[in-house]
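my_file15.pdb follows; it contains PDB, C-alpha atoms.
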```pdb
ATOM      1  CA  MET A 256      18.312  -5.028  -7.104
ATOM      2  CA  ILE A 257      17.055  -5.322  -3.537
ATOM      3  CA  GLY A 258      16.119  -1.989  -2.035
ATOM      4  CA  ARG A 259      16.472  -0.947   1.551
ATOM      5  CA  ARG A 260      13.957  -1.869   4.234
ATOM      6  CA  ILE A 261      12.081   0.448   6.559
ATOM      7  CA  SER A 262       9.547  -0.001   9.317
ATOM      8  CA  GLY A 263       6.584   2.168  10.143
ATOM      9  CA  VAL A 264       2.886   2.831   9.797
ATOM     10  CA  TRP A 265       1.496   5.549   7.572
ATOM     11  CA  ALA A 266      -2.158   6.594   7.750
ATOM     12  CA  SER A 267      -4.467   8.816   5.722
ATOM     13  CA  ALA A 268      -5.469  12.151   7.248
ATOM     14  CA  ASN A 269      -8.861  10.727   8.265
ATOM     15  CA  GLN A 270      -7.232   7.516   9.629
ATOM     16  CA  ALA A 271      -9.387   5.361   7.290
ATOM     17  CA  VAL A 272      -6.395   3.871   5.439
ATOM     18  CA  ALA A 273      -3.263   2.602   7.189
ATOM     19  CA  LEU A 274      -0.229   1.027   5.573
ATOM     20  CA  GLU A 275       2.379  -0.807   7.642
ATOM     21  CA  LEU A 276       5.794  -1.478   6.126
ATOM     22  CA  ARG A 277       7.864  -4.030   8.043
ATOM     23  CA  LEU A 278      11.593  -4.718   8.137
ATOM     24  CA  ASP A 279      11.040  -8.208   6.715
ATOM     25  CA  GLY A 280       9.956  -6.614   3.413
ATOM     26  CA  ARG A 281       6.245  -7.294   3.946
ATOM     27  CA  PHE A 282       3.362  -4.829   4.188
ATOM     28  CA  GLU A 283      -0.244  -4.783   5.383
ATOM     29  CA  GLU A 284      -2.879  -2.307   4.248
ATOM     30  CA  ARG A 285      -5.954  -1.771   6.379
ATOM     31  CA  HIS A 286      -9.135   0.145   5.613
ATOM     32  CA  ASP A 287     -11.036   1.152   8.754
ATOM     33  CA  GLY A 288      -8.990  -1.384  10.724
ATOM     34  CA  GLU A 289      -9.787  -4.334   8.440
ATOM     35  CA  LEU A 290      -6.920  -6.053   6.624
ATOM     36  CA  VAL A 291      -7.609  -5.725   2.904
ATOM     37  CA  PHE A 292      -4.223  -6.160   1.224
ATOM     38  CA  GLU A 293      -0.901  -7.706   2.129
ATOM     39  CA  GLY A 294       2.247  -8.475   0.209
ATOM     40  CA  HIS A 295       5.859  -7.398  -0.141
ATOM     41  CA  TYR A 296       7.446  -4.068  -1.005
ATOM     42  CA  GLU A 297      10.591  -2.667  -2.560
ATOM     43  CA  LEU A 298      12.089   0.680  -1.645
ATOM     44  CA  VAL A 299      14.756   2.039  -3.978
ATOM     45  CA  GLY A 300      15.726   5.607  -3.251
ATOM     46  CA  ASP A 301      12.435   7.408  -2.572
ATOM     47  CA  ASP A 302      10.383   5.097  -4.808
ATOM     48  CA  VAL A 303       8.154   2.470  -3.184
ATOM     49  CA  ARG A 304       6.597  -0.429  -5.077
ATOM     50  CA  LEU A 305       3.992  -2.578  -3.334
ATOM     51  CA  PHE A 306       3.322  -6.063  -4.709
ATOM     52  CA  GLU A 307       0.102  -7.516  -3.341
ATOM     53  CA  ASP A 308      -0.047 -11.261  -2.766
ATOM     54  CA  GLY A 309      -3.093 -11.364  -5.051
ATOM     55  CA  GLY A 310      -1.144  -9.906  -7.978
ATOM     56  CA  GLY A 311      -1.931  -6.185  -7.785
ATOM     57  CA  GLN A 312       0.690  -3.448  -7.724
ATOM     58  CA  LEU A 313       0.810   0.026  -6.244
ATOM     59  CA  THR A 314       3.530   2.615  -6.521
ATOM     60  CA  GLY A 315       4.441   5.519  -4.334
ATOM     61  CA  ARG A 316       7.087   7.915  -3.178
ATOM     62  CA  LEU A 317       8.503   8.406   0.324
ATOM     63  CA  THR A 318       9.642  11.983   0.767
ATOM     64  CA  GLU A 319      10.508  13.622   4.093
ATOM     65  CA  GLY A 320       8.590  10.959   5.999
ATOM     66  CA  ARG A 321       5.437  11.323   3.882
ATOM     67  CA  LEU A 322       4.304   8.432   1.718
ATOM     68  CA  ASN A 323       2.312   9.328  -1.411
ATOM     69  CA  LEU A 324       0.593   6.436  -3.160
ATOM     70  CA  THR A 325      -0.668   6.337  -6.729
ATOM     71  CA  PRO A 326      -3.850   4.388  -7.491
ATOM     72  CA  PRO A 327      -3.672   1.303  -9.689
ATOM     73  CA  PRO A 328      -5.201   1.229 -13.158
ATOM     74  CA  PRO A 329      -8.840   0.026 -13.180
ATOM     75  CA  ALA A 330      -7.810  -3.373 -14.610
ATOM     76  CA  GLN A 331      -6.122  -4.248 -11.294
ATOM     77  CA  ARG A 332      -9.269  -3.832  -9.229
ATOM     78  CA  ARG A 333     -10.221  -7.262  -7.992
ATOM     79  CA  ARG A 334     -11.558  -9.324  -5.125
ATOM     80  CA  HIS A 335      -9.467  -9.808  -2.006
ATOM     81  CA  PRO A 336      -8.162 -13.404  -2.187
ATOM     82  CA  ARG A 337      -8.814 -14.201   1.471
ATOM     83  CA  TYR A 338     -12.131 -12.467   2.092
ATOM     84  CA  GLY A 339     -13.746 -12.541  -1.362
ATOM     85  CA  GLN A 340     -14.901  -8.953  -1.023
ATOM     86  CA  LYS A 341     -14.471  -6.629  -3.960
ATOM     87  CA  TYR A 342     -11.945  -3.880  -3.273
ATOM     88  CA  GLY A 343     -11.128  -1.301  -5.888
ATOM     89  CA  ARG A 344      -9.189   0.823  -3.437
ATOM     90  CA  PRO A 345     -12.247   2.960  -2.669
ATOM     91  CA  SER A 346     -10.234   5.387  -0.560
ATOM     92  CA  ILE A 347      -7.473   5.808  -3.139
ATOM     93  CA  HIS A 348      -8.952   7.364  -6.291
ATOM     94  CA  ALA A 349      -6.176   9.912  -6.712
ATOM     95  CA  PRO A 350      -2.660  10.176  -5.331
ATOM     96  CA  GLN A 351      -3.078   9.631  -1.593
ATOM     97  CA  PRO A 352      -0.728  11.137   0.993
ATOM     98  CA  LEU A 353      -0.139   9.033   4.098
ATOM     99  CA  TYR A 354       1.476  10.507   7.192
TER     100      TYR A 354
END
```
Encoding of this model in structure tokens:
Amino acid sequence: MIGRRISGVWASANQAVALELRLDGRFEERHDGELVFEGHYELVGDDVRLFEDGGGQLTGRLTEGRLNLTPPPPAQRRRHPRYGQKYGRPSIHAPQPLY
């Protein structure tokens, strides 16, 4: 089932993490302004599932305009396919609210 599409940018309280969801079903995640993950997303009801192009997954919930993300299991921590840097989602160790 294809979920609905939304558009917007959500950022952490300290502005270190920003997630842009686009109407074309794609997303970009930036840490301190640097692109670290990109892929596609599904939104069904309030549930958001992010599928990174490199194979990782992230889940979240969009409630009253606030996006709460849940960190991936440690097995999904890997190197960014484009930049080769190791990213284990250092800013997302626990459920992370984005505004």
> Where does the PyMOL selection byres ((chain A and resi 275-281) around 9) land in this file, that is, which residues does it pick, as a list of chain:residue names?
Replying inline: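 So the PyMOL selection byres ((chain A and resi 275-281) around 9) ends up selecting A:Arg259, A:Arg260, A:Ile261, A:Ser262, A:Gly263, A:Val264, A:Trp265, A:Ala266, A:Ala273, A:Leu274, A:Phe282, A:Glu283, A:Glu284, A:Arg285, A:Glu293, A:Gly294, A:His295, A:Tyr296, A:Glu297, A:Leu305.
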Set up a box along x, y and z of the file covering all listed atoms of region 307-317 of chain A, add 8 Å on every one of the six sides, and write the centre and edge lengths in Å to one decimal, as JSON.
```
{"center_x": 2.7, "center_y": -1.5, "center_z": -3.8, "size_x": 27.6, "size_y": 35.8, "size_z": 24.3}
```
>> So, with all atoms listed in the file as the atoms that count, which of A:Asp287, A:Thr314, A:Glu319, A:Leu324 lies closest to Val299 (chain A)?
In response: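 The shortest atom-to-atom distance to Val299 (chain A) comes from A:Thr314.
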Using the chain letters and numbers from the file, give me the residues hit by the PyMOL selection byres ((chain A and resi 320) around 10), as a PDB file with C-alpha atoms, keeping the file's coordinate frame.
```
ATOM      1  CA  GLY A 263       6.584   2.168  10.143  1.00  0.00           C
ATOM      2  CA  TRP A 265       1.496   5.549   7.572  1.00  0.00           C
ATOM      3  CA  ARG A 316       7.087   7.915  -3.178  1.00  0.00           C
ATOM      4  CA  LEU A 317       8.503   8.406   0.324  1.00  0.00           C
ATOM      5  CA  THR A 318       9.642  11.983   0.767  1.00  0.00           C
ATOM      6  CA  GLU A 319      10.508  13.622   4.093  1.00  0.00           C
ATOM      7  CA  ARG A 321       5.437  11.323   3.882  1.00  0.00           C
ATOM      8  CA  LEU A 322       4.304   8.432   1.718  1.00  0.00           C
ATOM      9  CA  ASN A 323       2.312   9.328  -1.411  1.00  0.00           C
ATOM     10  CA  LEU A 353      -0.139   9.033   4.098  1.00  0.00           C
ATOM     11  CA  TYR A 354       1.476  10.507   7.192  1.00  0.00           C
TER      12      TYR A 354
END
```
